[in-house]
Structure formats: structure tokens, C-alpha cells
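Working notes, structure below.
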Amino acid sequence: MSTDGVVEATESISRVLNRPVKHPGGPVLRPERKWEGNFASMSSVIYDPEAALFKMWYVPSLITAERPAGPLEEYESLLRASNYREDLDLSCYAVSRDGIHWERPELGLVEFEGSTRNNIISDRSVRSEGGLYNSGRAPNAFRDHPEQDPARRYKALGFALAANGATGLCIYFSPDGLDWKEYPGNPVMVGTSDTTPSWVGTLFGRSTSPICGRDGRTTGRPSPPTTAFHPK
């Protein structure tokens with residue numbers, strides 16, 4: 001991935017965005033468990049070549065709303081007028097051999113209605129030392145293959161409430177993608193929104209480069225990339 005800002009010159013080429021083809025059998029993951037409510041969203045998917053598995057981190061929600069009376073265009077905010085509400089505050093994990101057929105492993109990590117036989121990796125409504133995205137959104141997790149520290153093999157970032165009470169872009173580390181620990185210096189950036197896709201690249205040096213949703217739905221890139229992923 002590159003941008004005009006890092007390419008010195010081009011000649012006789014054009015940038016083309018290939019049109020994706022939607023899989024006819026979608027959605028490939030539906031909310032089917034009690035802890036998944038009626039909506040599964042905010043997913044992050046990677047392929048782990050060592051395990052030969054696609055891995056997904058996603059956020060389920062139980063959404064309720066009522067259609068307000070009268071013409072909808074009369075309302076300044078349909079969310080408020082419809083009594084829109086999201087319940088459940090969990091992060092879940094799924095795996096797949098082909099990216100189409102997904103399984104929910106019984107992880108035994110988080111209790112839900114008296115049982116740990118589920119694929120929940122974090123109850124984000126509970127503040128703790130560990131856990132992924134305490135009161136946050138959009139799990140963007142990935143495996144950092146060049147990472148030398150086994151405890152930081154997996155990394156994640158997202159908009160969350162940090163241990164110091166501040167909100168912003170927070171970072172998490174994990175040895176396996178399941179047991180997450182919060183970076184003590186969170187948040188590493190304030191003023192970010194709930195959408196923070198990320199990737200690992202070498203274009204700007206050996207670092208992780210997040211794209212952060214800010215001020216609603218605009219986008220930006222930290223410069224230089226945050227060094228919290230690779231402390232000296």
C-alpha cells in the first residue's frame with residue numbers, strides 16, 4: 001500500500017481500484033449464539049500461515065429501536081427519536097480454514113450466563129488489567145511476525161477507555177490473540193473515533209501504521225507512526 005505522499009514520481013501508470021465481488025453465501029458469520037445478540041460487526045480478520053487459519057475478532061450487539069411517528073425527514077436525529085440502544089459489550093473470536101465457513105471455539109475465558117463454553121475473549125464492560133478494548137469499539141487485531149517479544153506477538157488497537165480514565169487510541173498486546181494485556185501508556189492518541197484499521201509495513205520503517213477515524217468519519221495517519229508497538 002502506498003500514497004502519492006511517499007512516491008517521488010510516476011509515469012504512464014494509473015491507480016485502479018479493483019471491484020470486489022460479494023460472496024453469494026454471505027453473510028459468512030451470523031449472530032447465532034445468545035451472547036451475539038442480533039448484530040455482529042466491527043470485525044478484524046487475518047490469515048495465520050503457521051496455523052493455516054483465518055482468525056477473526058468481532059463485536060456482537062443486541063440492537064433495539066422503534067420507528068418514530070411521522071415522516072422520518074422531520075427528525076434531526078433518528079437515533080434519539082427511535083430510542084436506539086445497543087446492549088452486550090463483548091469481544092469474540094472465530095476461526096476458519098477457508099475464510100467462508102467459520103467456527104466458534106469454546107475458549108473457557110469469560111463467563112456468560114453461568115457458563116464459559118463460548119468464544120468470548122473479553123467482557124468490555126468490565127475494567128480489568130487485561131481484556132481487549134475495555135469500553136472500546138472495533139477490534140483491530142493482527143499478528144506482527146517480525147516481533148521478537150513472544151508476549152507481544154499479537155497487537156491490537158482501538159478507541160477505548162484507558163486505565164487512567166482518558167479515552168482515545170489504545171494499544172493491546174497478546175502472545176496468542178486471546179489473552180490480551182493493555183499498554184500502560186494508553187491512550188497513545190486522543191481525539192480518535194471508533195474506526196481504526198491498521199497494518200504492519202516497512203514503508204516507513206519497521207513499525208505499525210494505523211489509520212485513525214477522527215472528527216466523525218474523516219481519516220488520517222499518525223506521523224511518525226506510534227512507537228508504542230515497538231519500544232526501544
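Labels for the C-alpha cells follow display order: chains A, B, ..., residues from 1 in each chain, ligands from 1.
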Determine which residues of stretch 95-187 of chain A receive a DSSP assignment of strand (DSSP E), computed from the backbone, and state them as a PyMOL selection string. chain A and resi 95-96+102-103+120-123+140-143+154-161+167-174+181-182
Determine which residues of stretch 44-157 of chain A DSSP labels as helix (DSSP H, G or I) from the backbone of this structure, then write them out as a ChimeraX atom specification. /A:72-74,78-81,150-152
Contact residues around A:Ile46 with only C-alpha atoms at 8 Å, ignoring same-chain residues under 3 positions, as a PyMOL selection string: chain A and resi 54-56+142-143
Contact residues around A:Asp176 with only C-alpha atoms at 9 Å, ignoring same-chain residues under 5 positions, as a ChimeraX atom specification: /A:143,150-154
Near A:Ser91, within 6 Å and counting only C-alpha atoms, which residues show up once chain neighbours fewer than 5 positions away are dropped, as a list in words?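 After dropping sequence-adjacent residues, the list is Tyr58, Val59, Ile120, Ile121 and Ser122 of chain A.
The shell of residues at most 10 Å from A:Ile100, with only C-alpha atoms counted and near chain neighbours (fewer than 5 positions) removed, consists of His23, Gly25, Gly26, Pro27, Val28, Leu29, Phe54 and Val95 of chain A.
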Could you dump the residues just selected with N, CA and C atoms as a CSV table (one decimal), in the first residue's frame?
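The resulting result01.csv:
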chain,number,residue,atom,x,y,z
A,23,HIS,N,-19.5,-12.4,-1.9
A,23,HIS,CA,-19.7,-13.8,-1.9
A,23,HIS,C,-21.2,-14.1,-1.8
A,25,GLY,N,-22.9,-16.5,-0.7
A,25,GLY,CA,-23.4,-17.2,0.5
A,25,GLY,C,-23.4,-16.3,1.8
A,26,GLY,N,-23.0,-15.0,1.6
A,26,GLY,CA,-22.9,-14.2,2.8
A,26,GLY,C,-24.3,-13.8,3.4
A,27,PRO,N,-24.2,-13.3,4.7
A,27,PRO,CA,-23.1,-13.2,5.5
A,27,PRO,C,-22.5,-14.5,5.9
A,28,VAL,N,-21.1,-14.5,6.1
A,28,VAL,CA,-20.5,-15.8,6.5
A,28,VAL,C,-20.5,-16.0,8.0
A,29,LEU,N,-20.8,-14.9,8.7
A,29,LEU,CA,-20.9,-15.1,10.2
A,29,LEU,C,-22.2,-14.3,10.6
A,54,PHE,N,-7.6,-18.7,9.1
A,54,PHE,CA,-8.1,-17.3,9.2
A,54,PHE,C,-8.6,-17.1,10.6
A,95,VAL,N,-12.6,-18.8,14.0
A,95,VAL,CA,-11.5,-19.3,13.1
A,95,VAL,C,-12.1,-19.9,11.9
